[in-house]
file entry.txt (compact mmCIF, C-alpha atoms and all ligand atoms)
# COMPACT_ATOMS: atom_id res chain seq x y z
CA MET A 302 -26.41 70.73 -57.84
CA SER A 303 -27.60 72.93 -54.95
CA SER A 304 -31.24 71.85 -55.46
CA ASN A 305 -30.19 68.20 -55.09
CA PRO A 306 -31.14 66.46 -51.83
CA ILE A 307 -29.08 65.96 -48.70
CA GLY A 308 -28.58 62.21 -48.27
CA LEU A 309 -28.83 60.49 -44.89
CA PHE A 310 -28.31 56.86 -43.91
CA ASP A 311 -28.56 54.74 -40.79
CA SER A 312 -28.84 51.07 -39.90
CA GLY A 313 -32.56 51.72 -39.48
CA ALA A 314 -35.03 54.33 -38.34
CA GLY A 315 -32.73 55.94 -35.73
CA GLY A 316 -31.37 58.50 -38.16
CA LEU A 317 -34.87 59.89 -38.57
CA SER A 318 -34.21 61.76 -35.32
CA ILE A 319 -31.38 63.53 -37.16
CA TRP A 320 -33.54 64.00 -40.26
CA LYS A 321 -36.04 65.86 -38.08
CA GLU A 322 -33.36 68.23 -36.73
CA ILE A 323 -31.95 68.89 -40.20
CA THR A 324 -35.27 69.55 -41.92
CA THR A 325 -36.32 71.85 -39.05
CA LEU A 326 -33.12 73.91 -39.32
CA LEU A 327 -32.98 73.76 -43.14
CA PRO A 328 -36.61 73.83 -44.33
CA ASP A 329 -35.64 74.64 -47.92
CA GLU A 330 -33.57 71.49 -48.37
CA SER A 331 -34.81 68.25 -49.94
CA THR A 332 -33.64 64.99 -48.41
CA VAL A 333 -33.27 61.33 -49.30
CA TYR A 334 -33.09 58.86 -46.39
CA ILE A 335 -31.92 55.27 -46.41
CA SER A 336 -32.75 52.87 -43.60
CA ASP A 337 -30.56 49.78 -43.94
CA ALA A 338 -32.71 47.89 -41.42
CA LYS A 339 -32.24 44.50 -43.05
CA TYR A 340 -28.62 44.69 -41.83
CA ALA A 341 -29.36 46.14 -38.37
CA PRO A 342 -27.91 46.24 -35.87
CA TYR A 343 -24.55 47.62 -36.99
CA GLY A 344 -23.42 47.88 -33.37
CA THR A 345 -22.50 44.23 -33.01
CA LYS A 346 -20.71 44.00 -36.37
CA GLY A 347 -16.98 44.42 -36.91
CA GLU A 348 -15.41 47.51 -38.47
CA GLY A 349 -15.05 45.82 -41.89
CA ALA A 350 -18.73 44.86 -42.12
CA ILE A 351 -19.83 48.33 -41.01
CA LEU A 352 -17.63 49.89 -43.70
CA ILE A 353 -19.10 47.64 -46.41
CA ARG A 354 -22.68 48.63 -45.47
CA SER A 355 -21.65 52.30 -45.24
CA LYS A 356 -20.20 52.19 -48.77
CA ILE A 357 -23.32 50.49 -50.17
CA ASN A 358 -25.53 53.16 -48.57
CA THR A 359 -23.25 55.95 -49.79
CA GLU A 360 -23.29 54.69 -53.37
CA LEU A 361 -27.08 54.38 -53.32
CA LEU A 362 -27.40 57.94 -52.05
CA LEU A 363 -24.98 59.21 -54.69
CA LYS A 364 -27.10 57.47 -57.37
CA LYS A 365 -30.09 59.33 -55.98
CA GLY A 366 -28.22 62.60 -56.44
CA ALA A 367 -27.14 63.38 -52.85
CA LYS A 368 -25.06 66.60 -52.74
CA ALA A 369 -23.82 65.87 -49.22
CA ILE A 370 -24.18 62.82 -46.98
CA VAL A 371 -25.09 62.74 -43.32
CA VAL A 372 -23.96 59.52 -41.67
CA ALA A 373 -26.91 59.53 -39.26
CA CYS A 374 -25.46 56.70 -37.21
CA ASN A 375 -22.84 56.92 -34.45
CA THR A 376 -21.64 53.38 -35.14
CA ALA A 377 -21.07 54.00 -38.85
CA THR A 378 -19.47 57.40 -38.16
CA THR A 379 -17.02 56.16 -35.55
CA ASN A 380 -16.05 53.10 -37.61
CA ALA A 381 -16.23 54.23 -41.22
CA ILE A 382 -16.39 57.98 -41.86
CA SER A 383 -12.64 58.50 -42.35
CA HIS A 384 -12.64 55.76 -45.04
CA LEU A 385 -15.72 57.26 -46.72
CA ARG A 386 -14.12 60.71 -46.80
CA ALA A 387 -10.98 59.23 -48.35
CA GLN A 388 -12.90 57.36 -51.04
CA TYR A 389 -15.74 59.70 -52.12
CA LYS A 390 -15.64 63.36 -53.12
CA VAL A 391 -19.01 64.31 -51.63
CA PRO A 392 -18.88 66.11 -48.23
CA PHE A 393 -19.78 63.87 -45.26
CA ILE A 394 -21.23 64.98 -41.94
CA GLY A 395 -21.03 62.48 -39.07
CA ILE A 396 -22.43 62.02 -35.59
CA GLU A 397 -20.57 61.07 -32.43
CA PRO A 398 -21.69 60.76 -28.80
CA ALA A 399 -21.83 64.25 -27.22
CA ILE A 400 -19.17 63.61 -24.60
CA LYS A 401 -17.79 67.15 -24.62
CA PRO A 402 -20.99 69.00 -23.54
CA ALA A 403 -21.67 66.34 -20.90
CA ALA A 404 -18.12 66.69 -19.55
CA PHE A 405 -18.52 70.48 -19.32
CA LYS A 406 -21.95 70.31 -17.67
CA THR A 407 -21.45 67.66 -15.01
CA LYS A 408 -21.45 68.75 -11.38
CA THR A 409 -21.19 65.25 -9.91
CA ASN A 410 -18.15 64.50 -12.10
CA ALA A 411 -19.93 61.38 -13.29
CA ILE A 412 -21.51 60.95 -16.72
CA GLY A 413 -23.19 58.01 -18.41
CA ILE A 414 -22.81 57.04 -22.05
CA LEU A 415 -25.27 54.66 -23.63
CA ALA A 416 -24.09 53.58 -27.07
CA THR A 417 -23.55 50.51 -29.21
CA LYS A 418 -20.67 48.10 -28.74
CA GLY A 419 -19.31 49.22 -32.13
CA THR A 420 -19.22 52.87 -31.06
CA LEU A 421 -17.79 52.28 -27.59
CA SER A 422 -15.00 50.10 -28.96
CA SER A 423 -14.00 52.47 -31.79
CA THR A 424 -10.72 54.39 -31.82
CA LEU A 425 -12.53 57.67 -32.57
CA PHE A 426 -14.72 57.30 -29.48
CA HIS A 427 -11.72 56.45 -27.28
CA GLU A 428 -9.77 59.46 -28.51
CA THR A 429 -12.65 61.88 -27.86
CA SER A 430 -13.39 60.35 -24.48
CA LYS A 431 -9.75 60.58 -23.41
CA ARG A 432 -9.59 64.23 -24.48
CA TYR A 433 -12.55 65.44 -22.39
CA THR A 434 -13.10 63.04 -19.52
CA SER A 435 -9.71 62.25 -17.98
CA ASN A 436 -10.81 63.64 -14.59
CA LEU A 437 -14.34 62.19 -14.68
CA ASN A 438 -16.06 58.96 -13.84
CA VAL A 439 -17.49 57.80 -17.17
CA VAL A 440 -19.94 54.92 -17.05
CA GLU A 441 -20.00 53.39 -20.52
CA GLN A 442 -22.88 51.06 -21.23
CA GLU A 443 -23.53 48.99 -24.34
CA GLY A 444 -27.18 49.20 -25.34
CA ASN A 445 -27.36 45.63 -26.60
CA GLY A 446 -30.82 44.71 -27.84
CA ILE A 447 -32.28 48.22 -27.92
CA VAL A 448 -31.96 48.78 -31.69
CA GLU A 449 -33.46 45.34 -32.37
CA LEU A 450 -36.50 46.10 -30.21
CA ILE A 451 -37.05 49.51 -31.84
CA GLU A 452 -36.75 48.01 -35.33
CA ALA A 453 -39.23 45.30 -34.31
CA GLY A 454 -41.77 47.94 -33.28
CA ALA A 455 -41.35 47.18 -29.54
CA LEU A 456 -40.25 50.65 -28.38
CA PHE A 457 -42.90 50.86 -25.66
CA SER A 458 -42.65 47.32 -24.33
CA GLU A 459 -42.05 45.68 -20.97
CA GLU A 460 -38.90 44.10 -22.43
CA MET A 461 -37.51 47.53 -23.31
CA GLU A 462 -38.20 48.88 -19.82
CA GLN A 463 -36.46 45.92 -18.19
CA LEU A 464 -33.44 46.31 -20.48
CA LEU A 465 -33.18 50.02 -19.76
CA LYS A 466 -33.53 49.55 -16.00
CA ALA A 467 -30.59 47.14 -16.08
CA TYR A 468 -28.48 49.50 -18.24
CA LEU A 469 -29.22 52.54 -16.08
CA LYS A 470 -28.48 50.80 -12.75
CA PRO A 471 -24.67 51.21 -12.77
CA MET A 472 -25.06 54.80 -13.94
CA LEU A 473 -27.44 55.68 -11.13
CA GLU A 474 -25.16 53.98 -8.62
CA ALA A 475 -22.30 56.16 -9.88
CA LYS A 476 -24.55 59.25 -9.42
CA ILE A 477 -24.35 60.48 -12.99
CA ASP A 478 -26.05 63.81 -13.67
CA ASN A 479 -25.70 63.71 -17.47
CA LEU A 480 -26.67 60.84 -19.74
CA VAL A 481 -25.31 60.88 -23.29
CA LEU A 482 -27.41 59.07 -25.88
CA GLY A 483 -24.73 57.82 -28.25
CA CYS A 484 -26.94 56.13 -30.83
CA THR A 485 -29.48 57.88 -33.03
CA HIS A 486 -32.11 55.20 -32.31
CA TYR A 487 -31.99 56.07 -28.60
CA HIS A 488 -33.68 59.43 -29.21
CA PHE A 489 -36.94 57.51 -29.40
CA LEU A 490 -36.34 56.16 -25.86
CA ILE A 491 -36.61 59.61 -24.27
CA PRO A 492 -40.23 59.22 -23.03
CA VAL A 493 -39.32 55.86 -21.44
CA LEU A 494 -36.05 57.18 -20.00
CA LYS A 495 -37.85 60.16 -18.46
CA LYS A 496 -40.08 57.71 -16.64
CA LEU A 497 -37.16 55.66 -15.35
CA LEU A 498 -34.63 58.37 -14.48
CA PRO A 499 -34.72 60.36 -11.25
CA GLU A 500 -35.09 64.13 -11.62
CA GLY A 501 -31.94 66.13 -12.20
CA ILE A 502 -30.37 63.92 -14.86
CA THR A 503 -29.91 65.73 -18.16
CA ILE A 504 -30.23 63.72 -21.37
CA ILE A 505 -27.76 64.88 -24.01
CA GLU A 506 -27.98 64.18 -27.73
CA SER A 507 -25.93 65.23 -30.74
CA GLY A 508 -28.80 65.85 -33.19
CA PRO A 509 -28.99 69.68 -32.95
CA ALA A 510 -25.18 69.96 -33.35
CA VAL A 511 -25.28 67.70 -36.42
CA ALA A 512 -27.97 69.88 -38.02
CA LYS A 513 -25.83 73.00 -37.41
CA GLN A 514 -22.79 71.27 -38.83
CA THR A 515 -24.78 70.20 -41.91
CA LYS A 516 -25.77 73.82 -42.49
CA ALA A 517 -22.17 74.97 -42.07
CA ILE A 518 -20.90 72.36 -44.55
CA LEU A 519 -23.53 73.28 -47.16
CA GLU A 520 -22.54 76.94 -46.76
CA LYS A 521 -18.86 76.13 -47.03
CA TYR A 522 -19.30 74.21 -50.29
CA ASN A 523 -21.90 76.64 -51.66
CA LEU A 524 -24.50 73.88 -51.69
CA LEU A 525 -27.45 75.54 -49.92
CA ASN A 526 -30.56 75.23 -52.06
CA SER A 527 -31.17 78.47 -53.91
CA SER A 528 -33.80 77.20 -56.37
CA GLN A 529 -37.54 77.83 -56.05
CA GLN A 530 -38.38 74.14 -56.57
CA SER A 531 -40.61 72.63 -53.92
CA VAL A 532 -38.92 70.58 -51.23
CA ASN A 533 -39.11 66.79 -51.54
CA TYR A 534 -38.49 64.18 -48.82
CA SER A 535 -37.98 60.57 -49.88
CA PHE A 536 -37.49 57.58 -47.62
CA PHE A 537 -36.23 54.11 -48.53
CA THR A 538 -35.93 51.00 -46.38
CA ASN A 539 -35.05 47.35 -46.82
CA GLY A 540 -36.86 46.71 -43.49
CA SER A 541 -40.33 47.46 -42.19
CA THR A 542 -42.05 50.52 -43.67
CA GLY A 543 -44.62 50.32 -40.86
CA VAL A 544 -42.08 50.71 -38.03
CA MET A 545 -40.49 53.68 -39.75
CA ALA A 546 -43.83 55.33 -40.41
CA ASN A 547 -44.99 54.85 -36.81
CA LEU A 548 -41.86 56.32 -35.24
CA MET A 549 -42.19 59.60 -37.12
CA ASN A 550 -45.90 59.72 -37.89
CA LEU A 551 -45.00 59.48 -41.55
CA GLU A 552 -47.45 58.15 -44.07
CA LYS A 553 -46.53 54.55 -44.81
CA ARG A 554 -47.05 54.99 -48.52
CA THR A 555 -44.36 57.69 -48.67
CA ILE A 556 -41.70 55.11 -47.67
CA LYS A 557 -40.40 52.99 -50.52
CA LYS A 558 -39.06 49.45 -50.26
CA LEU A 559 -35.43 48.74 -51.12
CA ASP A 560 -34.23 45.24 -52.03
N1 LIG B 601 -28.46 54.35 -35.09
C1 LIG B 601 -27.23 53.60 -34.97
C2 LIG B 601 -26.22 54.43 -34.16
O1 LIG B 601 -26.38 55.64 -34.06
C3 LIG B 601 -27.54 52.24 -34.45
C4 LIG B 601 -26.45 51.25 -34.69
C5 LIG B 601 -26.89 49.83 -34.74
O2 LIG B 601 -27.55 49.47 -35.70
O3 LIG B 601 -26.50 49.08 -33.85
O4 LIG B 601 -25.26 53.94 -33.63
call {"tool": "encode", "arguments": {"input": "entry.txt", "output": "structure tokens", "more": "lines below"}}
Ligand code: DGL
result
Amino acid sequence: MSSNPIGLFDSGAGGLSIWKEITTLLPDESTVYISDAKYAPYGTKGEGAILIRSKINTELLLKKGAKAIVVACNTATTNAISHLRAQYKVPFIGIEPAIKPAAFKTKTNAIGILATKGTLSSTLFHETSKRYTSNLNVVEQEGNGIVELIEAGALFSEEMEQLLKAYLKPMLEAKIDNLVLGCTHYHFLIPVLKKLLPEGITIIESGPAVAKQTKAILEKYNLLNSSQQSVNYSFFTNGSTGVMANLMNLEKRTIKKLD
């Protein structure tokens, strides 16, 4: 079992940012990644629909032998992970917006959170936010349209810049000094955000913490790979293989099509 892959899923290519962190921290682990891009975005769907897609992805990963599953999507984590944990025996690792480090770091007492509608409206997000930010000004912003543009290959487009300028405006007016990226797709926006943000605003992501947590969970369940077999990375998508390949400089032929 320990030589089996770690499974990851997301509504698209966003979770590849988490895949990168995990494979860097755990270079001896094989992985299998599912991009459910045909059903993206998850962020505008209701909890029930997100849970259905999360179960389909989980069952596919289990069929492919996943020994643990990383829900590499804030929207799926905040809406579905407790149900997944209740239904399947495999250990799950989730990702949530990094509110806590932002709340500890802020000097202006104002932080921005860019995330999907599904994440910002979830009970899990509300509970975490209430716990750490009661004395802070938190500017929550739905990133409507961003995932769609990334999945359409329009990451570096005029349309994206305009969208981001509009989303950042209320945050800059509130003088935030920490910006939390609460969606795994948003990692790929960092070069654009750096161009648009004034100096002194720290961008905070959850990827490194998720990689550490994945390692801790594999240790806890005695699942770290101890075999000498060579590491294998496989990628599956029901969307565009080209977009996925471009985002990570992967070879297109290494990404397989799902129905
Ligand atoms: N990468 C997903 C997340 O972290 C995007 C959700 C969506 O498809 O809207 O939330």
call {"tool": "residues_near_ligand", "arguments": {"input": "entry.txt", "ligand": "ligand LIG 601 (chain B)", "cutoff": "9 Å", "atoms": "all atoms listed in the file", "output": "MDAnalysis selection string"}}
result
chainID A and resid 311:316 337:338 340:346 372:379 396:398 416:420 444:449 482:487
call {"tool": "closest_residue", "arguments": {"input": "entry.txt", "among": "A:Asn380, A:Ser304, A:Gln388, A:Gln442", "to": "Glu360 (chain A)", "atoms": "all atoms listed in the file"}}
result
A:Gln388
call {"tool": "residues_around", "arguments": {"input": "entry.txt", "residues": "Ala512 (chain A)", "least_positions_apart": "6", "cutoff": "12 Å", "atoms": "only C-alpha atoms", "output": "list in words"}}
result
Ile307, Leu309, Gly316, Ser318, Ile319, Trp320, Lys321, Glu322, Ile323, Thr324, Thr325, Leu326, Leu327, Pro328, Glu330, Val371, Val372, Ala373, Ile394, Gly395, Ile396, Glu506, Ile518 and Leu519 of chain A
call {"tool": "residues_around", "arguments": {"input": "entry.txt", "residues": "Phe393 (chain A)", "least_positions_apart": "5", "cutoff": "8 Å", "atoms": "all atoms listed in the file", "output": "ChimeraX atom specification"}}
result
/A:369-372,382,385-386
call {"tool": "atom_distance", "arguments": {"input": "entry.txt", "atom1": "CA of Ala404 (chain A)", "atom2": "CA of Tyr468 (chain A)"}}
result
20.1 Å
call {"tool": "residues_around", "arguments": {"input": "entry.txt", "residues": "Ser535 (chain A)", "least_positions_apart": "6", "cutoff": "7 Å", "atoms": "all atoms listed in the file", "output": "list in words"}}
result
Thr332, Val333, Tyr334 and Ile556 of chain A
call {"tool": "atom_distance", "arguments": {"input": "entry.txt", "atom1": "CA of Ala403 (chain A)", "atom2": "CA of Ser336 (chain A)"}}
result
28.6 Å
call {"tool": "build_atoms", "arguments": {"input": "entry.txt", "residues": "region 528-540 of chain A", "atoms": "N, CA, C and O atoms", "output": "PDB file, in the frame of the given file"}}
result
ATOM      1  N   SER A 528     -32.748  77.266 -55.335  1.00  0.00           N
ATOM      2  CA  SER A 528     -33.800  77.200 -56.370  1.00  0.00           C
ATOM      3  C   SER A 528     -35.184  77.391 -55.733  1.00  0.00           C
ATOM      4  O   SER A 528     -35.328  77.292 -54.515  1.00  0.00           O
ATOM      5  N   GLN A 529     -36.179  77.633 -56.554  1.00  0.00           N
ATOM      6  CA  GLN A 529     -37.540  77.830 -56.050  1.00  0.00           C
ATOM      7  C   GLN A 529     -38.339  76.528 -56.066  1.00  0.00           C
ATOM      8  O   GLN A 529     -39.521  76.524 -55.724  1.00  0.00           O
ATOM      9  N   GLN A 530     -37.673  75.433 -56.497  1.00  0.00           N
ATOM     10  CA  GLN A 530     -38.380  74.140 -56.570  1.00  0.00           C
ATOM     11  C   GLN A 530     -38.918  73.721 -55.210  1.00  0.00           C
ATOM     12  O   GLN A 530     -38.288  73.994 -54.192  1.00  0.00           O
ATOM     13  N   SER A 531     -40.065  73.015 -55.224  1.00  0.00           N
ATOM     14  CA  SER A 531     -40.610  72.630 -53.920  1.00  0.00           C
ATOM     15  C   SER A 531     -39.758  71.503 -53.308  1.00  0.00           C
ATOM     16  O   SER A 531     -39.161  70.699 -54.013  1.00  0.00           O
ATOM     17  N   VAL A 532     -39.761  71.513 -51.979  1.00  0.00           N
ATOM     18  CA  VAL A 532     -38.920  70.580 -51.230  1.00  0.00           C
ATOM     19  C   VAL A 532     -39.508  69.163 -51.303  1.00  0.00           C
ATOM     20  O   VAL A 532     -40.725  68.986 -51.258  1.00  0.00           O
ATOM     21  N   ASN A 533     -38.630  68.170 -51.434  1.00  0.00           N
ATOM     22  CA  ASN A 533     -39.110  66.790 -51.540  1.00  0.00           C
ATOM     23  C   ASN A 533     -38.359  65.899 -50.532  1.00  0.00           C
ATOM     24  O   ASN A 533     -37.134  65.960 -50.434  1.00  0.00           O
ATOM     25  N   TYR A 534     -39.108  65.106 -49.757  1.00  0.00           N
ATOM     26  CA  TYR A 534     -38.490  64.180 -48.820  1.00  0.00           C
ATOM     27  C   TYR A 534     -38.760  62.751 -49.290  1.00  0.00           C
ATOM     28  O   TYR A 534     -39.918  62.363 -49.421  1.00  0.00           O
ATOM     29  N   SER A 535     -37.714  61.976 -49.548  1.00  0.00           N
ATOM     30  CA  SER A 535     -37.980  60.570 -49.880  1.00  0.00           C
ATOM     31  C   SER A 535     -37.280  59.646 -48.888  1.00  0.00           C
ATOM     32  O   SER A 535     -36.191  59.947 -48.380  1.00  0.00           O
ATOM     33  N   PHE A 536     -37.956  58.548 -48.610  1.00  0.00           N
ATOM     34  CA  PHE A 536     -37.490  57.580 -47.620  1.00  0.00           C
ATOM     35  C   PHE A 536     -37.458  56.199 -48.246  1.00  0.00           C
ATOM     36  O   PHE A 536     -38.407  55.806 -48.921  1.00  0.00           O
ATOM     37  N   PHE A 537     -36.369  55.474 -48.003  1.00  0.00           N
ATOM     38  CA  PHE A 537     -36.230  54.110 -48.530  1.00  0.00           C
ATOM     39  C   PHE A 537     -35.816  53.205 -47.388  1.00  0.00           C
ATOM     40  O   PHE A 537     -35.003  53.582 -46.548  1.00  0.00           O
ATOM     41  N   THR A 538     -36.361  51.984 -47.382  1.00  0.00           N
ATOM     42  CA  THR A 538     -35.930  51.000 -46.380  1.00  0.00           C
ATOM     43  C   THR A 538     -35.929  49.596 -46.954  1.00  0.00           C
ATOM     44  O   THR A 538     -36.774  49.283 -47.800  1.00  0.00           O
ATOM     45  N   ASN A 539     -35.000  48.777 -46.485  1.00  0.00           N
ATOM     46  CA  ASN A 539     -35.050  47.350 -46.820  1.00  0.00           C
ATOM     47  C   ASN A 539     -35.611  46.576 -45.619  1.00  0.00           C
ATOM     48  O   ASN A 539     -35.514  45.369 -45.555  1.00  0.00           O
ATOM     49  N   GLY A 540     -36.210  47.338 -44.655  1.00  0.00           N
ATOM     50  CA  GLY A 540     -36.860  46.710 -43.490  1.00  0.00           C
ATOM     51  C   GLY A 540     -38.347  47.016 -43.505  1.00  0.00           C
ATOM     52  O   GLY A 540     -38.967  47.092 -44.565  1.00  0.00           O
TER      53      GLY A 540
END
